[in-house]
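Peer 1: Below is the file model.tsv, which contains TSV, C-alpha atoms.
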```tsv
chain	number	residue	atom	x	y	z
A	11	MET	CA	0.52	53.56	-65.52
A	12	SER	CA	2.82	55.28	-68.02
A	13	LEU	CA	3.13	59.01	-68.56
A	14	ASP	CA	1.26	58.84	-71.87
A	15	GLU	CA	-1.51	56.70	-70.38
A	16	ARG	CA	-1.96	59.12	-67.50
A	17	LEU	CA	-2.03	62.19	-69.71
A	18	ASN	CA	-4.48	60.58	-72.13
A	19	SER	CA	-6.82	59.64	-69.30
A	20	LEU	CA	-6.94	63.06	-67.64
A	21	GLU	CA	-10.12	65.11	-67.69
A	22	ALA	CA	-8.41	68.23	-68.98
A	23	GLU	CA	-9.32	71.26	-71.05
A	24	SER	CA	-5.89	71.18	-72.70
A	25	ILE	CA	-2.49	69.50	-72.44
A	26	ASP	CA	0.45	71.16	-74.19
A	27	THR	CA	4.10	70.18	-74.38
A	28	ILE	CA	6.33	73.04	-73.21
A	29	GLU	CA	10.04	73.76	-72.96
A	30	VAL	CA	11.82	71.71	-70.33
A	31	ASP	CA	14.80	72.24	-68.04
A	32	THR	CA	16.90	69.39	-69.43
A	33	SER	CA	19.33	69.53	-66.52
A	34	VAL	CA	16.63	67.94	-64.34
A	35	PHE	CA	13.64	66.87	-66.46
A	36	LYS	CA	12.93	64.86	-69.61
A	37	GLN	CA	9.59	66.39	-70.57
A	38	ALA	CA	7.27	69.16	-69.39
A	39	PHE	CA	3.60	69.94	-69.93
A	40	GLU	CA	1.13	72.73	-69.23
A	41	ILE	CA	-2.14	71.09	-68.25
A	42	HIS	CA	-5.50	72.76	-67.69
A	43	LEU	CA	-7.00	70.14	-65.40
A	44	LEU	CA	-10.74	70.14	-64.82
A	45	GLN	CA	-11.52	70.28	-61.11
A	46	PRO	CA	-14.85	70.49	-59.29
A	47	VAL	CA	-15.66	74.02	-58.18
A	48	ASP	CA	-17.15	72.31	-55.12
A	49	HIS	CA	-15.40	69.07	-54.21
A	50	ASN	CA	-18.47	68.10	-52.19
A	51	ASP	CA	-20.31	68.03	-55.53
A	52	PRO	CA	-17.81	66.37	-57.87
A	53	ASP	CA	-20.33	66.14	-60.72
A	54	GLY	CA	-21.19	69.83	-60.56
A	55	GLU	CA	-19.59	72.87	-62.20
A	56	LYS	CA	-15.92	72.58	-63.11
A	57	LEU	CA	-12.99	74.99	-63.14
A	58	SER	CA	-9.88	74.63	-65.24
A	59	GLN	CA	-6.83	74.56	-62.95
A	60	ARG	CA	-3.50	75.32	-64.59
A	61	ILE	CA	-0.71	72.99	-63.57
A	62	TYR	CA	2.79	72.38	-64.89
A	63	LEU	CA	4.09	68.82	-64.91
A	64	SER	CA	7.86	68.36	-65.28
A	65	TYR	CA	8.75	64.69	-65.70
A	66	ALA	CA	12.03	63.17	-64.53
A	67	GLY	CA	11.13	59.51	-64.08
A	68	ALA	CA	8.33	57.30	-62.80
A	69	GLU	CA	10.28	55.97	-59.82
A	70	LYS	CA	11.57	59.32	-58.61
A	71	PRO	CA	9.96	61.53	-55.91
A	72	VAL	CA	7.50	64.26	-56.82
A	73	VAL	CA	7.67	67.85	-55.59
A	74	LEU	CA	4.19	69.40	-55.59
A	75	VAL	CA	4.33	73.20	-55.45
A	76	THR	CA	1.09	74.49	-53.92
A	77	GLU	CA	1.17	78.02	-55.24
A	78	GLY	CA	-0.76	80.55	-53.18
A	79	TYR	CA	-1.43	82.81	-56.16
A	80	GLY	CA	-1.23	82.56	-59.94
A	81	ALA	CA	1.35	80.43	-61.72
A	82	GLY	CA	2.19	82.12	-64.98
A	83	ARG	CA	5.26	80.06	-65.83
A	84	ASN	CA	7.04	76.79	-65.27
A	85	TYR	CA	10.29	76.87	-63.29
A	86	THR	CA	12.57	74.50	-61.40
A	87	THR	CA	12.36	74.59	-57.61
A	88	GLU	CA	15.46	74.14	-55.52
A	89	LEU	CA	14.00	70.92	-54.09
A	90	ALA	CA	13.39	69.35	-57.51
A	91	ASP	CA	16.84	70.47	-58.60
A	92	TYR	CA	18.47	68.99	-55.50
A	93	LEU	CA	16.56	65.71	-55.68
A	94	GLU	CA	16.60	65.53	-59.50
A	95	CYS	CA	12.98	64.50	-59.35
A	96	ASN	CA	9.54	65.16	-60.80
A	97	GLN	CA	7.70	68.39	-60.17
A	98	ILE	CA	4.13	69.64	-60.40
A	99	ILE	CA	3.30	73.33	-59.99
A	100	ALA	CA	-0.37	73.93	-59.20
A	101	GLU	CA	-1.90	77.36	-59.64
A	102	HIS	CA	-4.23	78.28	-56.76
A	103	ARG	CA	-7.92	78.30	-57.54
A	104	TYR	CA	-9.47	81.71	-58.37
A	105	PHE	CA	-6.06	83.08	-59.43
A	106	GLY	CA	-4.50	83.47	-62.87
A	107	GLU	CA	-6.22	81.18	-65.37
A	108	SER	CA	-7.74	78.92	-62.68
A	109	VAL	CA	-10.97	80.88	-62.23
A	110	PRO	CA	-14.43	79.30	-62.43
A	111	TYR	CA	-16.92	80.65	-64.95
A	112	THR	CA	-19.34	81.48	-62.12
A	113	LEU	CA	-17.38	83.50	-59.56
A	114	ASP	CA	-18.99	82.18	-56.39
A	115	TRP	CA	-16.63	83.23	-53.59
A	116	GLU	CA	-18.08	80.60	-51.26
A	117	TYR	CA	-15.82	78.02	-52.91
A	118	LEU	CA	-12.60	79.95	-52.42
A	119	ASN	CA	-11.57	78.44	-49.12
A	120	THR	CA	-8.79	76.31	-47.68
A	121	PHE	CA	-10.76	73.08	-47.88
A	122	GLN	CA	-11.57	73.43	-51.57
A	123	ALA	CA	-7.99	74.41	-52.44
A	124	ALA	CA	-6.62	71.51	-50.38
A	125	SER	CA	-9.01	69.21	-52.21
A	126	ASP	CA	-7.62	70.43	-55.54
A	127	HIS	CA	-4.16	69.36	-54.41
A	128	HIS	CA	-5.46	66.10	-52.94
A	129	ARG	CA	-7.03	65.21	-56.29
A	130	ILE	CA	-3.81	66.06	-58.16
A	131	ILE	CA	-1.90	63.66	-55.91
A	132	GLN	CA	-4.56	60.98	-56.38
A	133	LEU	CA	-4.41	61.33	-60.15
A	134	PHE	CA	-0.63	61.31	-60.48
A	135	SER	CA	0.19	58.78	-57.76
A	136	GLU	CA	-0.86	56.14	-60.27
A	137	MET	CA	2.17	56.96	-62.43
A	138	PHE	CA	4.75	57.96	-59.78
A	139	SER	CA	6.00	55.41	-57.26
A	140	GLY	CA	8.32	57.78	-55.36
A	141	LYS	CA	7.51	59.86	-52.30
A	142	TRP	CA	5.61	63.15	-52.43
A	143	ILE	CA	6.94	66.47	-51.14
A	144	THR	CA	4.63	69.47	-50.89
A	145	THR	CA	6.21	72.90	-50.80
A	146	GLY	CA	5.36	76.55	-51.30
A	147	ILE	CA	6.53	80.05	-50.52
A	148	SER	CA	4.67	82.55	-48.31
A	149	LYS	CA	0.97	82.05	-49.11
A	150	GLY	CA	2.03	78.95	-50.99
A	151	GLY	CA	3.65	77.75	-47.77
A	152	GLN	CA	0.41	78.41	-45.93
A	153	THR	CA	-1.31	76.32	-48.56
A	154	VAL	CA	1.07	73.44	-47.77
A	155	MET	CA	-0.10	73.57	-44.15
A	156	TYR	CA	-3.79	73.70	-45.02
A	157	HIS	CA	-3.48	70.81	-47.49
A	158	SER	CA	-1.76	68.70	-44.86
A	159	TYR	CA	-4.34	69.64	-42.23
A	160	TYR	CA	-7.21	68.35	-44.38
A	161	TYR	CA	-5.29	65.48	-46.00
A	162	PRO	CA	-2.49	64.47	-43.60
A	163	ASP	CA	-1.65	61.25	-45.47
A	164	ASP	CA	-1.15	62.80	-48.91
A	165	ALA	CA	2.49	63.93	-48.64
A	166	ASP	CA	5.54	62.27	-47.14
A	167	ILE	CA	7.44	65.54	-46.60
A	168	ARG	CA	6.26	69.16	-46.34
A	169	VAL	CA	8.54	72.18	-46.77
A	170	PRO	CA	6.77	75.54	-46.31
A	171	TYR	CA	8.96	78.62	-46.78
A	172	VAL	CA	8.35	81.89	-44.86
A	173	ALA	CA	4.76	80.88	-44.20
A	174	PRO	CA	2.70	82.74	-41.58
A	175	LEU	CA	-0.05	81.14	-39.54
A	176	ASN	CA	-2.29	84.08	-38.65
A	177	PHE	CA	-4.95	84.06	-35.96
A	178	GLY	CA	-7.10	86.94	-37.17
A	179	PRO	CA	-7.66	89.49	-39.93
A	180	GLU	CA	-5.34	91.83	-37.97
A	181	ASP	CA	-2.97	89.58	-36.04
A	182	PRO	CA	-1.50	91.69	-33.19
A	183	ARG	CA	1.73	89.67	-33.11
A	184	ILE	CA	2.83	91.74	-36.12
A	185	PHE	CA	2.87	94.86	-33.91
A	186	THR	CA	4.95	93.10	-31.25
A	187	PHE	CA	7.46	92.14	-33.92
A	188	LEU	CA	7.67	95.66	-35.36
A	189	ASP	CA	8.20	97.06	-31.85
A	190	THR	CA	11.15	94.74	-31.16
A	191	VAL	CA	12.85	93.78	-34.46
A	192	GLY	CA	16.38	94.99	-35.12
A	193	SER	CA	17.99	97.74	-33.06
A	194	ASP	CA	16.45	100.82	-31.47
A	195	PHE	CA	18.31	102.90	-34.05
A	196	CYS	CA	16.86	100.91	-36.96
A	197	ARG	CA	13.27	101.06	-35.73
A	198	GLU	CA	13.58	104.78	-35.05
A	199	ARG	CA	15.08	105.37	-38.49
A	200	VAL	CA	12.19	103.53	-40.16
A	201	LEU	CA	9.64	105.56	-38.20
A	202	GLU	CA	11.52	108.77	-39.01
A	203	ALA	CA	11.30	107.95	-42.72
A	204	GLN	CA	7.53	107.47	-42.47
A	205	ARG	CA	7.06	110.72	-40.57
A	206	HIS	CA	9.31	112.56	-43.01
A	207	ILE	CA	7.08	111.59	-45.95
A	208	LEU	CA	3.93	112.67	-44.11
A	209	ASP	CA	5.49	115.94	-42.92
A	210	ASN	CA	6.45	116.74	-46.50
A	211	ARG	CA	3.37	115.51	-48.31
A	212	GLU	CA	3.23	118.72	-50.36
A	213	VAL	CA	6.44	117.47	-51.99
A	214	TYR	CA	5.89	113.73	-52.16
A	215	TYR	CA	2.15	113.47	-52.81
A	216	PRO	CA	2.38	115.21	-56.22
A	217	MET	CA	5.30	112.94	-57.06
A	218	MET	CA	3.14	109.93	-56.19
A	219	LEU	CA	0.34	111.22	-58.42
A	220	GLU	CA	2.77	111.65	-61.29
A	221	LYS	CA	4.12	108.13	-60.85
A	222	ALA	CA	0.63	106.68	-60.64
A	223	ASP	CA	-0.56	108.57	-63.70
A	224	SER	CA	2.39	107.40	-65.79
A	225	ALA	CA	1.67	103.79	-64.78
A	226	GLY	CA	-2.09	104.07	-65.39
A	227	MET	CA	-2.98	103.56	-61.73
A	228	THR	CA	-6.29	104.68	-60.24
A	229	PHE	CA	-7.43	104.65	-56.59
A	230	ASN	CA	-11.21	104.49	-56.50
A	231	ARG	CA	-11.67	101.39	-54.35
A	232	ILE	CA	-9.45	102.61	-51.54
A	233	GLY	CA	-11.28	105.93	-51.48
A	234	GLY	CA	-8.94	108.20	-53.43
A	235	PRO	CA	-5.22	108.83	-53.98
A	236	GLU	CA	-4.89	110.72	-50.69
A	237	LYS	CA	-5.82	107.57	-48.80
A	238	ALA	CA	-3.52	105.47	-50.96
A	239	PHE	CA	-0.63	107.83	-50.15
A	240	GLU	CA	-1.18	107.50	-46.40
A	241	TYR	CA	-1.70	103.73	-46.55
A	242	ALA	CA	1.58	103.39	-48.43
A	243	VAL	CA	3.31	105.26	-45.60
A	244	LEU	CA	1.68	102.97	-43.03
A	245	GLU	CA	2.78	99.93	-45.05
A	246	TYR	CA	6.42	101.01	-45.10
A	247	ASP	CA	7.63	99.45	-41.84
A	248	PHE	CA	6.06	96.07	-42.61
A	249	ALA	CA	7.54	96.04	-46.12
A	250	TYR	CA	10.92	97.33	-44.95
A	251	TRP	CA	11.51	94.40	-42.62
A	252	GLN	CA	9.82	91.85	-44.86
A	253	TRP	CA	12.20	92.35	-47.76
A	254	GLY	CA	15.34	93.76	-46.14
A	255	ASN	CA	16.48	95.54	-49.30
A	256	THR	CA	17.96	98.56	-47.50
A	257	SER	CA	20.13	98.74	-44.41
A	258	CYS	CA	19.12	101.19	-41.70
A	259	ASP	CA	22.18	103.33	-42.44
A	260	GLU	CA	21.11	103.60	-46.07
A	261	ILE	CA	17.64	105.03	-45.40
A	262	ILE	CA	17.63	108.41	-47.15
A	263	LEU	CA	16.10	111.43	-45.43
A	264	ASP	CA	18.40	114.38	-46.11
A	265	ALA	CA	18.72	114.29	-49.88
A	266	GLU	CA	17.04	115.48	-53.04
A	267	PRO	CA	13.29	114.68	-52.95
A	268	ASP	CA	13.58	112.44	-56.01
A	269	SER	CA	16.05	110.18	-54.21
A	270	VAL	CA	13.98	110.05	-51.03
A	271	PHE	CA	10.80	109.33	-52.99
A	272	ASP	CA	12.34	106.64	-55.18
A	273	GLN	CA	13.78	104.75	-52.22
A	274	PHE	CA	10.73	105.05	-49.98
A	275	PHE	CA	8.20	103.99	-52.60
A	276	SER	CA	10.39	101.23	-53.95
A	277	ILE	CA	10.05	99.67	-50.50
A	278	SER	CA	6.36	100.50	-50.06
A	279	ASP	CA	4.90	100.03	-53.53
A	280	ILE	CA	1.97	102.36	-54.14
A	281	SER	CA	0.55	99.97	-56.75
A	282	TYR	CA	-0.53	97.65	-53.91
A	283	PHE	CA	-3.27	100.16	-53.10
A	284	SER	CA	-4.32	100.92	-56.68
A	285	ASP	CA	-7.47	99.57	-58.28
A	286	GLN	CA	-5.28	97.50	-60.56
A	287	GLY	CA	-3.25	96.01	-57.71
A	288	ILE	CA	-6.33	95.30	-55.62
A	289	LYS	CA	-7.98	93.51	-58.55
A	290	THR	CA	-4.93	91.29	-58.97
A	291	PHE	CA	-4.90	90.27	-55.30
A	292	GLU	CA	-8.67	90.34	-54.71
A	293	PRO	CA	-8.93	86.55	-54.17
A	294	PHE	CA	-6.12	86.73	-51.63
A	295	PHE	CA	-7.83	89.50	-49.68
A	296	TYR	CA	-11.07	87.52	-49.63
A	297	GLN	CA	-9.18	84.61	-48.08
A	298	ALA	CA	-7.31	86.88	-45.67
A	299	LEU	CA	-10.56	88.38	-44.40
A	300	THR	CA	-12.45	85.10	-44.06
A	301	GLU	CA	-9.95	82.38	-43.08
A	302	ILE	CA	-6.20	82.89	-43.37
A	303	GLY	CA	-5.73	86.26	-41.67
A	304	TYR	CA	-3.56	89.28	-42.28
A	305	TYR	CA	-2.29	92.36	-40.46
A	306	GLY	CA	-3.29	95.93	-39.65
A	307	TYR	CA	-1.52	99.26	-39.22
A	308	ARG	CA	-0.26	101.39	-36.30
A	309	PHE	CA	-2.27	104.57	-36.76
A	310	ASP	CA	-1.40	105.67	-33.21
A	311	LEU	CA	2.24	106.33	-34.14
A	312	PHE	CA	1.36	109.23	-36.42
A	313	GLY	CA	-1.27	111.28	-34.61
A	314	ASP	CA	-2.44	114.30	-36.62
A	315	GLN	CA	-0.05	113.52	-39.46
A	316	LEU	CA	-2.77	111.32	-40.97
A	317	HIS	CA	-5.53	113.34	-42.62
A	318	TYR	CA	-7.46	110.77	-44.68
A	319	VAL	CA	-7.19	107.37	-42.98
A	320	SER	CA	-7.94	106.25	-39.44
A	321	ASP	CA	-8.38	103.08	-37.45
A	322	SER	CA	-11.87	101.64	-37.28
A	323	ASP	CA	-13.81	98.61	-36.12
A	324	MET	CA	-13.29	97.05	-39.57
A	325	PRO	CA	-10.06	95.34	-40.64
A	326	ASP	CA	-7.88	97.81	-42.48
A	327	PHE	CA	-7.89	95.86	-45.73
A	328	THR	CA	-11.68	95.49	-46.07
A	329	PHE	CA	-11.52	97.86	-49.06
A	330	SER	CA	-9.54	95.20	-50.96
A	331	ALA	CA	-12.06	92.37	-50.69
A	332	PRO	CA	-14.58	91.62	-53.46
A	333	GLU	CA	-17.26	94.28	-53.48
A	334	GLY	CA	-20.72	93.31	-52.30
A	335	VAL	CA	-19.54	90.04	-50.73
A	336	GLU	CA	-20.22	89.30	-47.08
A	337	LEU	CA	-17.04	88.76	-45.05
A	338	ILE	CA	-17.33	86.51	-42.00
A	339	TYR	CA	-14.01	85.57	-40.42
A	340	ASP	CA	-13.58	82.05	-39.02
A	341	TYR	CA	-11.47	82.52	-35.89
A	342	ASP	CA	-11.42	78.81	-35.06
A	343	LEU	CA	-9.94	77.34	-38.23
A	344	MET	CA	-6.35	78.59	-37.94
A	345	LYS	CA	-6.26	77.62	-34.27
A	346	GLN	CA	-7.17	74.10	-35.38
A	347	VAL	CA	-4.47	74.17	-38.06
A	348	ASP	CA	-2.04	75.38	-35.39
A	349	GLU	CA	-2.92	72.48	-33.11
A	350	TYR	CA	-2.32	70.08	-35.99
A	351	VAL	CA	1.02	71.42	-37.25
A	352	ARG	CA	2.52	71.80	-33.77
A	353	ASP	CA	2.65	68.00	-33.44
A	354	ALA	CA	2.69	66.89	-37.08
A	355	ASP	CA	5.65	64.91	-38.41
A	356	ASN	CA	7.85	65.50	-41.47
A	357	PHE	CA	7.49	69.28	-41.76
A	358	ILE	CA	10.47	71.56	-42.36
A	359	PHE	CA	9.51	75.19	-41.76
A	360	ILE	CA	11.97	77.78	-43.03
A	361	TYR	CA	11.87	81.43	-41.89
A	362	GLY	CA	13.95	84.58	-41.98
A	363	MET	CA	14.39	86.08	-38.52
A	364	GLN	CA	13.89	89.68	-39.70
A	365	ASP	CA	11.02	88.90	-42.06
A	366	THR	CA	7.87	90.53	-40.68
A	367	TRP	CA	5.93	87.37	-41.48
A	368	SER	CA	8.08	85.42	-39.04
A	369	ALA	CA	6.05	87.17	-36.33
A	370	THR	CA	3.21	84.74	-36.98
A	371	GLY	CA	5.38	81.77	-37.87
A	372	VAL	CA	4.53	78.25	-36.74
A	373	GLN	CA	5.47	77.20	-33.21
A	374	LEU	CA	6.38	73.54	-32.83
A	375	SER	CA	5.66	71.54	-29.69
A	376	GLY	CA	8.84	69.47	-29.76
A	377	ASN	CA	6.75	66.30	-29.81
A	378	SER	CA	7.43	65.49	-33.47
A	379	ASN	CA	10.38	65.10	-35.82
A	380	SER	CA	9.55	68.36	-37.63
A	381	LEU	CA	12.08	71.17	-37.92
A	382	LYS	CA	11.77	74.93	-37.73
A	383	ILE	CA	14.79	76.61	-39.29
A	384	VAL	CA	15.19	80.37	-38.68
A	385	LYS	CA	17.92	82.22	-40.56
A	386	LYS	CA	19.52	84.98	-38.54
A	387	GLY	CA	19.11	88.24	-40.43
A	388	GLY	CA	17.01	86.48	-43.06
A	389	ASP	CA	14.11	88.13	-44.87
A	390	HIS	CA	11.17	86.91	-46.96
A	391	ARG	CA	13.56	85.55	-49.59
A	392	THR	CA	15.03	82.98	-47.20
A	393	ARG	CA	15.49	79.65	-48.97
A	394	ILE	CA	17.47	76.46	-48.39
A	395	ARG	CA	20.17	77.61	-50.81
A	396	ASN	CA	20.92	80.81	-48.87
A	397	LEU	CA	20.84	79.32	-45.37
A	398	PRO	CA	24.10	79.21	-43.43
A	399	GLU	CA	25.97	75.99	-44.20
A	400	GLU	CA	25.11	74.24	-40.93
A	401	GLN	CA	21.38	74.91	-41.29
A	402	ARG	CA	21.43	74.04	-44.99
A	403	GLU	CA	23.12	70.71	-44.32
A	404	MET	CA	20.61	69.95	-41.56
A	405	VAL	CA	17.70	70.53	-43.94
A	406	LEU	CA	19.17	68.53	-46.82
A	407	THR	CA	20.28	65.66	-44.59
A	408	THR	CA	16.83	65.46	-43.03
A	409	ILE	CA	15.10	65.44	-46.43
A	410	ASN	CA	17.40	62.66	-47.59
A	411	GLU	CA	16.65	60.62	-44.49
A	412	TRP	CA	12.90	61.02	-44.95
A	413	ILE	CA	13.05	60.30	-48.68
A	414	TYR	CA	14.97	57.07	-48.31
A	415	GLU	CA	13.70	55.77	-44.97
```
Could you write out this structure as structure tokens?

Peer 2:
Amino acid sequence: MSLDERLNSLEAESIDTIEVDTSVFKQAFEIHLLQPVDHNDPDGEKLSQRIYLSYAGAEKPVVLVTEGYGAGRNYTTELADYLECNQIIAEHRYFGESVPYTLDWEYLNTFQAASDHHRIIQLFSEMFSGKWITTGISKGGQTVMYHSYYYPDDADIRVPYVAPLNFGPEDPRIFTFLDTVGSDFCRERVLEAQRHILDNREVYYPMMLEKADSAGMTFNRIGGPEKAFEYAVLEYDFAYWQWGNTSCDEIILDAEPDSVFDQFFSISDISYFSDQGIKTFEPFFYQALTEIGYYGYRFDLFGDQLHYVSDSDMPDFTFSAPEGVELIYDYDLMKQVDEYVRDADNFIFIYGMQDTWSATGVQLSGNSNSLKIVKKGGDHRTRIRNLPEEQREMVLTTINEWIYE
């Protein structure tokens, strides 16, 4: 089947030609593909899933990017660039423009999302004869795992980047990581920065309010700006190690308040706890609190420095889930995914050693040909292109072997 024949046969709301990266591709399209809201009822209500198809040739491999969130633009992945092959970017259901008319949260789950990707592969396998590679970053990397768990024969190669595999809505392995990552000096410096902000809230809280007001942020869902301020302080250590933007020696404590504030809240972004930020990530939090898990905070480290937030029997991020929706967490599903990926073939997992999300990274059994690559000192931006040469060559050589075997 030719490209034109496939496009003309698609059940799609719209198909538009878009600008293309001519160094890799010949043509590119933004497609709003009609998908069942419930894949168990294929003739029922539909949602329009935004995908980007970048065409390089019918006989070349296809990189399918299983985005974990919205997909507001087309871009060239490092894998498609390296392989000079086709690429499809699939926006995750319930994010961006891929939202059903009836917002029934029951159908935002790993099976339904995996079935979206399964159907995309079914539809486009008729025009591409090359092998399929699924890939994604962070939650997109998780989505690679879930798709493969439900449909293990769909892809020939899977490359999840910095993808956690969490075992609960507050996975305790995060705390173990934060208690041991880096040096004693670094961990103490991070904690000192958090305590400094809380000890001087009369200085930094008004600055936070001013920043929020200028950006049009409100904090009703979290329970007020005071709670948002304290949650942002609690978030700091997770975010500090996740992104690695500042060395321990560069953490500012003894300086003008503006400098301390700017650095601290550039690492722990207050917008994450705003009504606007919560609305943007609401589908993610629903998934985190029902299937895919997340993390909690170490309230015990701060004693009476916290005036508005406290630990409770509820997961810390319950305030971020859709309002009025029952949240029942499935503790068995991720254990089943874990059992599958431990022994599954043709996975390449890529992590940064100092990325907080590496705490819940996949553990391989050694009974498959899959690789787990961990970059020393790497953070959440760890990619093939910035791996040390030996690791990079191992990844690229392995992909070549699997592509052409």

Peer 1: Go through A:Pro293, A:Gly192, A:Pro398, A:Pro235 and flag the residue nearest A:Gln364, using all atoms listed in the file for the distances.

Peer 2: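 Closest residue, counting all atoms listed in the file: A:Gly192.
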
Peer 1: So which one's closest to A:Glu333, A:Glu349, A:Asp53, A:Asp310, A:Glu292? Using all atoms listed in the file, please.

Peer 2: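 Of A:Glu349, A:Asp53, A:Asp310, A:Glu292, the one nearest A:Glu333 is A:Glu292, counting all atoms listed in the file.
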
Peer 1: Can you measure atom CA of A:Thr76 to atom CA of A:Glu101 for me? One decimal in Å is fine.

Peer 2: 7.1 Å

Peer 1: A:Glu198, A:Asp340, A:Asp264, A:Glu180: which is nearest A:Phe327, counting all atoms listed in the file?

Peer 2: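 The closest residue to A:Phe327 is A:Glu180.
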
Peer 1: Excluding A:Asn255 and its own-chain neighbours fewer than 4 positions away, which residues fall within 9 Å of it when counting all atoms listed in the file? Please give them as a compact mmCIF listing (two decimals) with C-alpha atoms, in the coordinates of the input.

Peer 2:
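Listed below is the output, selection02.txt:
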```txt
# COMPACT_ATOMS: atom_id res chain seq x y z
CA TYR A 250 10.92 97.33 -44.95
CA TRP A 251 11.51 94.40 -42.62
CA ILE A 277 10.05 99.67 -50.50
CA ASP A 389 14.11 88.13 -44.87
```

Peer 1: Find the residues of stretch 106-215 of chain A that sit at most 8 Å from stretch 79-95 of chain A; for each, write down the nearest two atoms and how far apart they are in Å, to one decimal. Count all atoms listed in the file. Sort by chain, then by number going up, and give it as a Markdown table.

Peer 2:
```
| residue | atom | partner | partner_atom | distance |
| --- | --- | --- | --- | --- |
| A:Gly106 | CA | A:Gly80 | CA | 4.5 |
| A:Glu107 | CA | A:Gly80 | CA | 7.5 |
| A:Ser108 | CA | A:Gly80 | CA | 7.9 |
| A:Lys149 | CA | A:Tyr79 | CA | 7.5 |
| A:Gly150 | CA | A:Tyr79 | CA | 7.3 |
```

Peer 1: Stretch 242-329 of chain A near stretch 151-160 of chain A within 12 Å: what's each residue's closest atom pair and its distance in Å to one decimal, counting only C-alpha atoms, ordered by chain then ascending residue number, as a tab-separated table?

Peer 2:
```
residue	atom	partner	partner_atom	distance
A:Phe294	CA	A:Thr153	CA	11.9
A:Gln297	CA	A:Thr153	CA	11.4
A:Ala298	CA	A:Gln152	CA	11.5
A:Glu301	CA	A:Tyr156	CA	10.8
A:Ile302	CA	A:Gln152	CA	8.4
A:Gly303	CA	A:Gln152	CA	10.8
```

Peer 1: Work out how far apart atom CA of A:Lys141 and atom CA of A:Ile358 are and give it in Å to one decimal.

Peer 2: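 That distance, rounded to one decimal, is 15.6 Å.
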
Peer 1: Calculate how many Å separate atom CA of A:Gly371 from atom CA of A:Phe248, rounding to one decimal.

Peer 2: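 We find that atom CA of A:Gly371 and atom CA of A:Phe248 lie 15.1 Å from each other.
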
Peer 1: Pick the closest to A:Lys382 from A:Tyr361, A:Glu77, A:Leu397, A:Ser368: which is it, counting all atoms listed in the file?

Peer 2: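 Selected residue with least distance to A:Lys382: A:Tyr361.
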
Peer 1: Nearest residue to A:Gly78 out of A:Thr145, A:Asn210, A:Ser12, A:Ser330, using all atoms listed in the file?

Peer 2: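 That would be A:Thr145, the residue with the smallest distance to A:Gly78.
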
Peer 1: With distances taken over all atoms listed in the file, which residue among A:Leu381, A:Val72, A:Ala225, A:Val335 lies nearest A:Ala165?

Peer 2: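 Among A:Leu381, A:Val72, A:Ala225, A:Val335, it is A:Val72 that comes nearest to A:Ala165.
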
Peer 1: For A:Ile98, work out the shell of residues within 7 Å, counting all atoms listed in the file and skipping chain neighbours fewer than 3 positions away, then give it as a PyMOL selection string.

Peer 2: chain A and resi 61-64+73-75

Peer 1: Wanna dump the stretch 129-155 of chain A-stretch 408-412 of chain A contacts at 12 Å for me, each residue with its shortest atom pair and the distance in Å to one decimal, counting only C-alpha atoms, ordered by chain and number, as CSV?

Peer 2:
```
residue,atom,partner,partner_atom,distance
A:Gly140,CA,A:Trp412,CA,11.8
A:Lys141,CA,A:Trp412,CA,9.2
A:Trp142,CA,A:Trp412,CA,10.7
A:Ile143,CA,A:Ile409,CA,9.5
```

Peer 1: Given the point (7.5, 82.3, -49.2) in the file's coordinates, find the residues that have an atom at most 8 Å from it, counting only C-alpha atoms, and give them as a list in words.

Peer 2: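 Residues with an atom at most 8 Å from (7.5, 82.3, -49.2): Gly146, Ile147, Ser148, Lys149, Gly150, Gly151, Pro170, Tyr171, Val172, Ala173, His390, Arg391 and Thr392 of chain A.
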